[in-house]
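**Student:** See query02.cif below, with mmCIF, N, CA and C atoms.
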```cif
data_data
#
loop_
_atom_site.label_atom_id
_atom_site.label_comp_id
_atom_site.auth_asym_id
_atom_site.auth_seq_id
_atom_site.Cartn_x
_atom_site.Cartn_y
_atom_site.Cartn_z
N LYS A 1 29.58 11.63 18.79
CA LYS A 1 30.32 11.01 17.69
C LYS A 1 30.39 9.50 17.85
N GLN A 2 29.28 8.91 18.23
CA GLN A 2 29.22 7.46 18.36
C GLN A 2 28.20 6.94 17.34
N ASP A 3 28.63 6.92 16.09
CA ASP A 3 27.75 6.55 15.00
C ASP A 3 27.25 5.12 15.11
N ASP A 4 28.10 4.22 15.63
CA ASP A 4 27.70 2.82 15.73
C ASP A 4 26.50 2.65 16.66
N ILE A 5 26.47 3.41 17.73
CA ILE A 5 25.35 3.32 18.67
C ILE A 5 24.07 3.83 18.02
N ALA A 6 24.17 4.91 17.25
CA ALA A 6 22.99 5.46 16.57
C ALA A 6 22.45 4.47 15.55
N VAL A 7 23.33 3.87 14.77
CA VAL A 7 22.89 2.90 13.76
C VAL A 7 22.30 1.68 14.45
N GLY A 8 22.92 1.21 15.51
CA GLY A 8 22.38 0.07 16.26
C GLY A 8 21.02 0.38 16.84
N ASN A 9 20.83 1.60 17.31
CA ASN A 9 19.53 2.02 17.83
C ASN A 9 18.46 1.95 16.75
N VAL A 10 18.74 2.47 15.59
CA VAL A 10 17.77 2.49 14.50
C VAL A 10 17.47 1.07 14.03
N VAL A 11 18.50 0.28 13.80
CA VAL A 11 18.30 -1.09 13.32
C VAL A 11 17.57 -1.91 14.38
N GLY A 12 17.98 -1.78 15.64
CA GLY A 12 17.31 -2.53 16.70
C GLY A 12 15.86 -2.15 16.85
N SER A 13 15.57 -0.86 16.76
CA SER A 13 14.18 -0.41 16.86
C SER A 13 13.35 -0.95 15.71
N ASN A 14 13.89 -0.92 14.51
CA ASN A 14 13.16 -1.45 13.35
C ASN A 14 12.92 -2.94 13.49
N LEU A 15 13.93 -3.68 13.94
CA LEU A 15 13.75 -5.12 14.13
C LEU A 15 12.70 -5.41 15.19
N PHE A 16 12.76 -4.68 16.30
CA PHE A 16 11.77 -4.90 17.36
C PHE A 16 10.37 -4.60 16.85
N ASN A 17 10.21 -3.47 16.15
CA ASN A 17 8.89 -3.12 15.64
C ASN A 17 8.37 -4.17 14.67
N THR A 18 9.23 -4.65 13.81
CA THR A 18 8.80 -5.64 12.83
C THR A 18 8.46 -6.96 13.49
N LEU A 19 9.32 -7.43 14.38
CA LEU A 19 9.13 -8.76 14.95
C LEU A 19 8.12 -8.78 16.09
N ALA A 20 8.15 -7.80 16.97
CA ALA A 20 7.28 -7.84 18.15
C ALA A 20 5.93 -7.17 17.88
N ILE A 21 5.97 -5.93 17.42
CA ILE A 21 4.74 -5.18 17.26
C ILE A 21 3.89 -5.76 16.13
N LEU A 22 4.50 -6.27 15.10
CA LEU A 22 3.75 -6.89 14.01
C LEU A 22 3.63 -8.39 14.17
N GLY A 23 4.66 -9.02 14.73
CA GLY A 23 4.70 -10.48 14.82
C GLY A 23 3.76 -11.07 15.85
N ILE A 24 3.70 -10.45 17.02
CA ILE A 24 2.85 -11.00 18.09
C ILE A 24 1.38 -10.97 17.71
N PRO A 25 0.84 -9.85 17.22
CA PRO A 25 -0.56 -9.89 16.77
C PRO A 25 -0.80 -10.87 15.61
N ALA A 26 0.20 -11.05 14.77
CA ALA A 26 0.05 -11.99 13.66
C ALA A 26 -0.02 -13.43 14.16
N MET A 27 0.60 -13.72 15.31
CA MET A 27 0.49 -15.06 15.88
C MET A 27 -0.91 -15.29 16.45
N VAL A 28 -1.54 -14.23 16.95
CA VAL A 28 -2.88 -14.35 17.51
C VAL A 28 -3.91 -14.49 16.39
N ARG A 29 -3.79 -13.64 15.40
CA ARG A 29 -4.72 -13.65 14.27
C ARG A 29 -3.94 -13.31 13.00
N PRO A 30 -3.93 -14.19 12.01
CA PRO A 30 -3.14 -13.93 10.80
C PRO A 30 -3.54 -12.61 10.14
N LEU A 31 -2.52 -11.89 9.67
CA LEU A 31 -2.74 -10.61 9.01
C LEU A 31 -2.77 -10.81 7.50
N THR A 32 -3.56 -10.01 6.84
CA THR A 32 -3.59 -10.05 5.38
C THR A 32 -3.00 -8.75 4.85
N VAL A 33 -2.30 -8.87 3.76
CA VAL A 33 -1.72 -7.71 3.08
C VAL A 33 -2.37 -7.62 1.72
N SER A 34 -2.91 -6.47 1.40
CA SER A 34 -3.56 -6.33 0.10
C SER A 34 -2.51 -6.42 -1.01
N THR A 35 -2.89 -7.04 -2.09
CA THR A 35 -1.95 -7.18 -3.21
C THR A 35 -1.62 -5.81 -3.81
N GLU A 36 -2.55 -4.87 -3.73
CA GLU A 36 -2.29 -3.53 -4.24
C GLU A 36 -1.15 -2.87 -3.46
N ALA A 37 -1.20 -2.96 -2.14
CA ALA A 37 -0.14 -2.38 -1.31
C ALA A 37 1.19 -3.10 -1.56
N TYR A 38 1.13 -4.41 -1.73
CA TYR A 38 2.35 -5.18 -1.96
C TYR A 38 3.01 -4.76 -3.26
N TYR A 39 2.26 -4.70 -4.34
CA TYR A 39 2.84 -4.37 -5.64
C TYR A 39 3.16 -2.89 -5.78
N ARG A 40 2.54 -2.03 -4.98
CA ARG A 40 2.82 -0.60 -5.03
C ARG A 40 3.99 -0.24 -4.13
N ASP A 41 4.00 -0.77 -2.90
CA ASP A 41 4.98 -0.34 -1.91
C ASP A 41 6.31 -1.07 -2.00
N PHE A 42 6.31 -2.33 -2.35
CA PHE A 42 7.56 -3.09 -2.39
C PHE A 42 8.57 -2.50 -3.37
N PRO A 43 8.20 -2.18 -4.61
CA PRO A 43 9.18 -1.58 -5.52
C PRO A 43 9.70 -0.22 -5.03
N VAL A 44 8.84 0.56 -4.38
CA VAL A 44 9.28 1.87 -3.86
C VAL A 44 10.29 1.68 -2.74
N MET A 45 10.03 0.75 -1.83
CA MET A 45 10.97 0.50 -0.73
C MET A 45 12.28 -0.08 -1.25
N LEU A 46 12.21 -0.92 -2.27
CA LEU A 46 13.43 -1.45 -2.87
C LEU A 46 14.24 -0.33 -3.52
N LEU A 47 13.56 0.55 -4.23
CA LEU A 47 14.24 1.69 -4.85
C LEU A 47 14.85 2.61 -3.79
N ALA A 48 14.13 2.86 -2.71
CA ALA A 48 14.66 3.71 -1.63
C ALA A 48 15.90 3.07 -1.01
N THR A 49 15.89 1.76 -0.85
CA THR A 49 17.05 1.06 -0.31
C THR A 49 18.23 1.16 -1.26
N LEU A 50 17.98 0.98 -2.55
CA LEU A 50 19.06 1.05 -3.53
C LEU A 50 19.63 2.46 -3.65
N VAL A 51 18.80 3.47 -3.44
CA VAL A 51 19.28 4.86 -3.48
C VAL A 51 20.05 5.19 -2.20
N LEU A 52 19.56 4.70 -1.07
CA LEU A 52 20.18 5.03 0.22
C LEU A 52 21.50 4.29 0.42
N TRP A 53 21.64 3.11 -0.13
CA TRP A 53 22.84 2.30 0.08
C TRP A 53 24.12 3.04 -0.32
N PRO A 54 24.26 3.54 -1.55
CA PRO A 54 25.51 4.23 -1.88
C PRO A 54 25.68 5.55 -1.12
N VAL A 55 24.59 6.17 -0.73
CA VAL A 55 24.69 7.42 0.03
C VAL A 55 25.32 7.14 1.39
N CYS A 56 24.91 6.06 2.04
CA CYS A 56 25.43 5.74 3.37
C CYS A 56 26.78 5.03 3.34
N ARG A 57 27.10 4.42 2.26
CA ARG A 57 28.41 3.78 2.15
C ARG A 57 29.46 4.84 1.86
N SER A 58 30.60 4.44 1.57
CA SER A 58 31.75 5.32 1.41
C SER A 58 31.59 6.24 0.20
N TRP A 59 30.74 7.22 0.29
CA TRP A 59 30.45 8.17 -0.80
C TRP A 59 31.32 9.40 -0.58
N SER A 60 32.24 9.67 -1.43
CA SER A 60 33.15 10.81 -1.33
C SER A 60 33.95 10.80 -0.04
N GLY A 61 34.29 9.62 0.47
CA GLY A 61 35.12 9.52 1.65
C GLY A 61 34.41 9.84 2.96
N ARG A 62 33.10 10.00 2.94
CA ARG A 62 32.35 10.32 4.16
C ARG A 62 31.52 9.11 4.56
N GLN A 63 32.15 8.06 4.96
CA GLN A 63 31.42 6.83 5.26
C GLN A 63 30.40 7.04 6.37
N GLY A 64 29.15 6.70 6.08
CA GLY A 64 28.08 6.81 7.05
C GLY A 64 27.52 8.20 7.24
N ARG A 65 27.91 9.14 6.42
CA ARG A 65 27.44 10.52 6.56
C ARG A 65 26.49 10.85 5.41
N VAL A 66 25.42 11.53 5.74
CA VAL A 66 24.47 12.02 4.75
C VAL A 66 24.47 13.53 4.86
N ASN A 67 24.82 14.22 3.77
CA ASN A 67 24.86 15.68 3.84
C ASN A 67 23.45 16.26 3.66
N ARG A 68 23.35 17.56 3.76
CA ARG A 68 22.03 18.21 3.69
C ARG A 68 21.36 18.03 2.34
N LEU A 69 22.12 18.07 1.28
CA LEU A 69 21.55 17.91 -0.06
C LEU A 69 20.96 16.50 -0.22
N GLU A 70 21.72 15.49 0.20
CA GLU A 70 21.25 14.11 0.10
C GLU A 70 20.04 13.88 1.01
N GLY A 71 20.12 14.40 2.23
CA GLY A 71 19.00 14.27 3.15
C GLY A 71 17.76 14.97 2.64
N GLY A 72 17.96 16.16 2.04
CA GLY A 72 16.83 16.88 1.46
C GLY A 72 16.21 16.13 0.30
N ALA A 73 17.06 15.52 -0.52
CA ALA A 73 16.55 14.74 -1.66
C ALA A 73 15.77 13.52 -1.18
N LEU A 74 16.28 12.85 -0.16
CA LEU A 74 15.57 11.70 0.39
C LEU A 74 14.24 12.10 1.03
N THR A 75 14.24 13.23 1.74
CA THR A 75 13.01 13.73 2.35
C THR A 75 12.01 14.14 1.28
N LEU A 76 12.48 14.80 0.25
CA LEU A 76 11.60 15.19 -0.86
C LEU A 76 11.00 13.95 -1.53
N GLY A 77 11.81 12.92 -1.72
CA GLY A 77 11.30 11.68 -2.29
C GLY A 77 10.20 11.08 -1.43
N TYR A 78 10.37 11.14 -0.11
CA TYR A 78 9.35 10.64 0.80
C TYR A 78 8.05 11.43 0.64
N PHE A 79 8.15 12.76 0.62
CA PHE A 79 6.95 13.57 0.50
C PHE A 79 6.27 13.38 -0.86
N VAL A 80 7.05 13.18 -1.90
CA VAL A 80 6.46 12.90 -3.22
C VAL A 80 5.69 11.58 -3.17
N TYR A 81 6.27 10.59 -2.53
CA TYR A 81 5.61 9.28 -2.43
C TYR A 81 4.32 9.38 -1.62
N VAL A 82 4.36 10.07 -0.48
CA VAL A 82 3.16 10.24 0.34
C VAL A 82 2.10 11.03 -0.44
N GLY A 83 2.54 12.06 -1.14
CA GLY A 83 1.60 12.82 -1.98
C GLY A 83 0.97 11.94 -3.05
N PHE A 84 1.78 11.07 -3.66
CA PHE A 84 1.26 10.14 -4.65
C PHE A 84 0.21 9.22 -4.03
N LEU A 85 0.50 8.71 -2.82
CA LEU A 85 -0.45 7.83 -2.14
C LEU A 85 -1.75 8.55 -1.84
N LEU A 86 -1.66 9.80 -1.37
CA LEU A 86 -2.87 10.55 -1.06
C LEU A 86 -3.65 10.91 -2.30
N ARG A 87 -2.96 11.20 -3.37
CA ARG A 87 -3.61 11.62 -4.62
C ARG A 87 -4.33 10.45 -5.31
N PHE A 88 -3.69 9.28 -5.31
CA PHE A 88 -4.21 8.15 -6.07
C PHE A 88 -4.72 7.02 -5.19
N ARG A 89 -5.12 7.33 -3.97
CA ARG A 89 -5.61 6.25 -3.12
C ARG A 89 -6.97 5.76 -3.63
N GLY A 90 -7.17 4.46 -3.42
CA GLY A 90 -8.37 3.83 -3.94
C GLY A 90 -9.52 4.09 -3.09
#
```
Could you render the structure from this file as C-alpha coordinates?
**Tutor:**
Amino acid sequence: KQDDIAVGNVVGSNLFNTLAILGIPAMVRPLTVSTEAYYRDFPVMLLATLVLWPVCRSWSGRQGRVNRLEGGALTLGYFVYVGFLLRFRG
(Lines of atoms letter the chains of each structure in order from A and count residues from 1; the text may use other names and numbers.)
(Lines give C-alpha, C1' and ligand atoms only; values in the text may rest on other atoms or scores of the structure.)
Protein backbone atom coordinates (compact mmCIF):
# COMPACT_ATOMS: atom_id res chain seq x y z
CA LYS A 1 0.00 0.00 0.00
CA GLN A 2 2.76 2.42 -0.93
CA ASP A 3 1.27 4.01 -4.01
CA ASP A 4 3.74 6.90 -4.03
CA ILE A 5 6.68 4.54 -4.43
CA ALA A 6 4.97 2.73 -7.33
CA VAL A 7 4.17 5.99 -9.12
CA GLY A 8 7.71 7.27 -8.52
CA ASN A 9 9.08 4.03 -9.93
CA VAL A 10 7.03 4.33 -13.12
CA VAL A 11 7.74 8.04 -13.62
CA GLY A 12 11.44 7.62 -12.83
CA SER A 13 11.76 4.69 -15.21
CA ASN A 14 10.05 6.61 -18.00
CA LEU A 15 12.26 9.65 -17.45
CA PHE A 16 15.41 7.53 -17.42
CA ASN A 17 14.38 5.70 -20.59
CA THR A 18 13.56 8.94 -22.37
CA LEU A 19 16.62 10.89 -21.28
CA ALA A 20 19.34 8.23 -21.10
CA ILE A 21 18.35 5.44 -23.47
CA LEU A 22 17.16 7.84 -26.16
CA GLY A 23 19.20 10.93 -25.27
CA ILE A 24 22.71 9.47 -25.18
CA PRO A 25 22.54 7.89 -28.66
CA ALA A 26 20.99 11.11 -29.96
CA MET A 27 24.06 13.02 -28.72
CA VAL A 28 26.31 10.64 -30.67
CA ARG A 29 24.25 10.69 -33.85
CA PRO A 30 21.12 12.82 -34.34
CA LEU A 31 17.91 10.82 -34.62
CA THR A 32 15.22 11.46 -37.18
CA VAL A 33 11.52 10.99 -36.57
CA SER A 34 9.31 10.36 -39.55
CA THR A 35 6.58 12.92 -39.99
CA GLU A 36 4.08 10.08 -40.46
CA ALA A 37 4.84 8.68 -37.01
CA TYR A 38 4.75 12.17 -35.50
CA TYR A 39 1.34 13.07 -36.92
CA ARG A 40 -0.09 9.60 -36.27
CA ASP A 41 1.26 8.88 -32.78
CA PHE A 42 1.24 12.29 -31.10
CA PRO A 43 -2.57 12.77 -31.21
CA VAL A 44 -3.10 9.20 -29.95
CA MET A 45 -0.73 9.71 -27.01
CA LEU A 46 -2.36 13.06 -26.22
CA LEU A 47 -5.79 11.40 -26.27
CA ALA A 48 -4.55 8.56 -24.04
CA THR A 49 -3.18 11.11 -21.58
CA LEU A 50 -6.44 13.06 -21.55
CA VAL A 51 -8.42 9.85 -20.98
CA LEU A 52 -6.07 8.56 -18.27
CA TRP A 53 -5.88 11.84 -16.35
CA PRO A 54 -9.44 11.85 -14.92
CA VAL A 55 -9.27 8.10 -14.32
CA CYS A 56 -6.18 8.47 -12.11
CA ARG A 57 -7.34 11.64 -10.40
CA SER A 58 -10.05 11.73 -7.81
CA TRP A 59 -12.63 9.72 -9.79
CA SER A 60 -15.48 8.58 -7.53
CA GLY A 61 -13.37 9.17 -4.43
CA ARG A 62 -10.75 6.57 -5.39
CA GLN A 63 -7.76 8.83 -5.94
CA GLY A 64 -5.02 7.02 -7.84
CA ARG A 65 -7.01 3.82 -8.30
CA VAL A 66 -7.93 2.24 -11.61
CA ASN A 67 -10.64 -0.42 -11.41
CA ARG A 68 -10.87 -3.47 -13.65
CA LEU A 69 -13.37 -1.90 -16.04
CA GLU A 70 -11.20 1.18 -16.57
CA GLY A 71 -8.05 -0.90 -16.87
CA GLY A 72 -9.76 -3.21 -19.35
CA ALA A 73 -10.94 -0.24 -21.41
CA LEU A 74 -7.44 1.23 -21.46
CA THR A 75 -5.93 -2.14 -22.42
CA LEU A 76 -8.53 -2.60 -25.15
CA GLY A 77 -7.71 0.86 -26.48
CA TYR A 78 -4.04 -0.11 -26.63
CA PHE A 79 -4.78 -3.31 -28.54
CA VAL A 80 -7.06 -1.45 -30.96
CA TYR A 81 -4.27 1.06 -31.61
CA VAL A 82 -1.66 -1.67 -32.15
CA GLY A 83 -4.08 -3.49 -34.44
CA PHE A 84 -4.61 -0.27 -36.38
CA LEU A 85 -0.84 0.15 -36.74
CA LEU A 86 -0.41 -3.41 -37.97
CA ARG A 87 -3.35 -3.18 -40.35
CA PHE A 88 -2.45 0.15 -41.95
CA ARG A 89 1.33 0.15 -41.77
CA GLY A 90 3.06 1.62 -44.77
**Student:** Quick one, how far is atom C of Tyr81 of chain A from atom CA of Asp41 of chain A?
**Tutor:**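 That distance, rounded to one decimal, is 9.7 Å.
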**Student:** Applying the PyMOL selection byres (((chain A and resi 52 and name CA) around 12) and name CA) to the file I just gave you, which residues come out? Please list them as a PyMOL selection string.
**Tutor:** chain A and resi 45-51+53-59+64-66+70-71+73-75+77
**Student:** Provide the atom CA of Pro25 of chain A to atom CA of Val7 of chain A distance in Å, to one decimal place.
**Tutor:** 26.9 Å
**Student:** Just to confirm, what's the straight-line distance from atom N of Gly72 of chain A to atom C of Val44 of chain A in Å (one decimal)?
**Tutor:**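 So the two atoms, atom N of Gly72 of chain A and atom C of Val44 of chain A, lie 17.1 Å apart.
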**Student:** Taking the backbone alone, and naming residues the way the document does, which bits of chain A are alpha helix (DSSP H) by DSSP, as an NGL selection string?
**Tutor:** :A and (3-16 or 23-28 or 35-56 or 68-87)
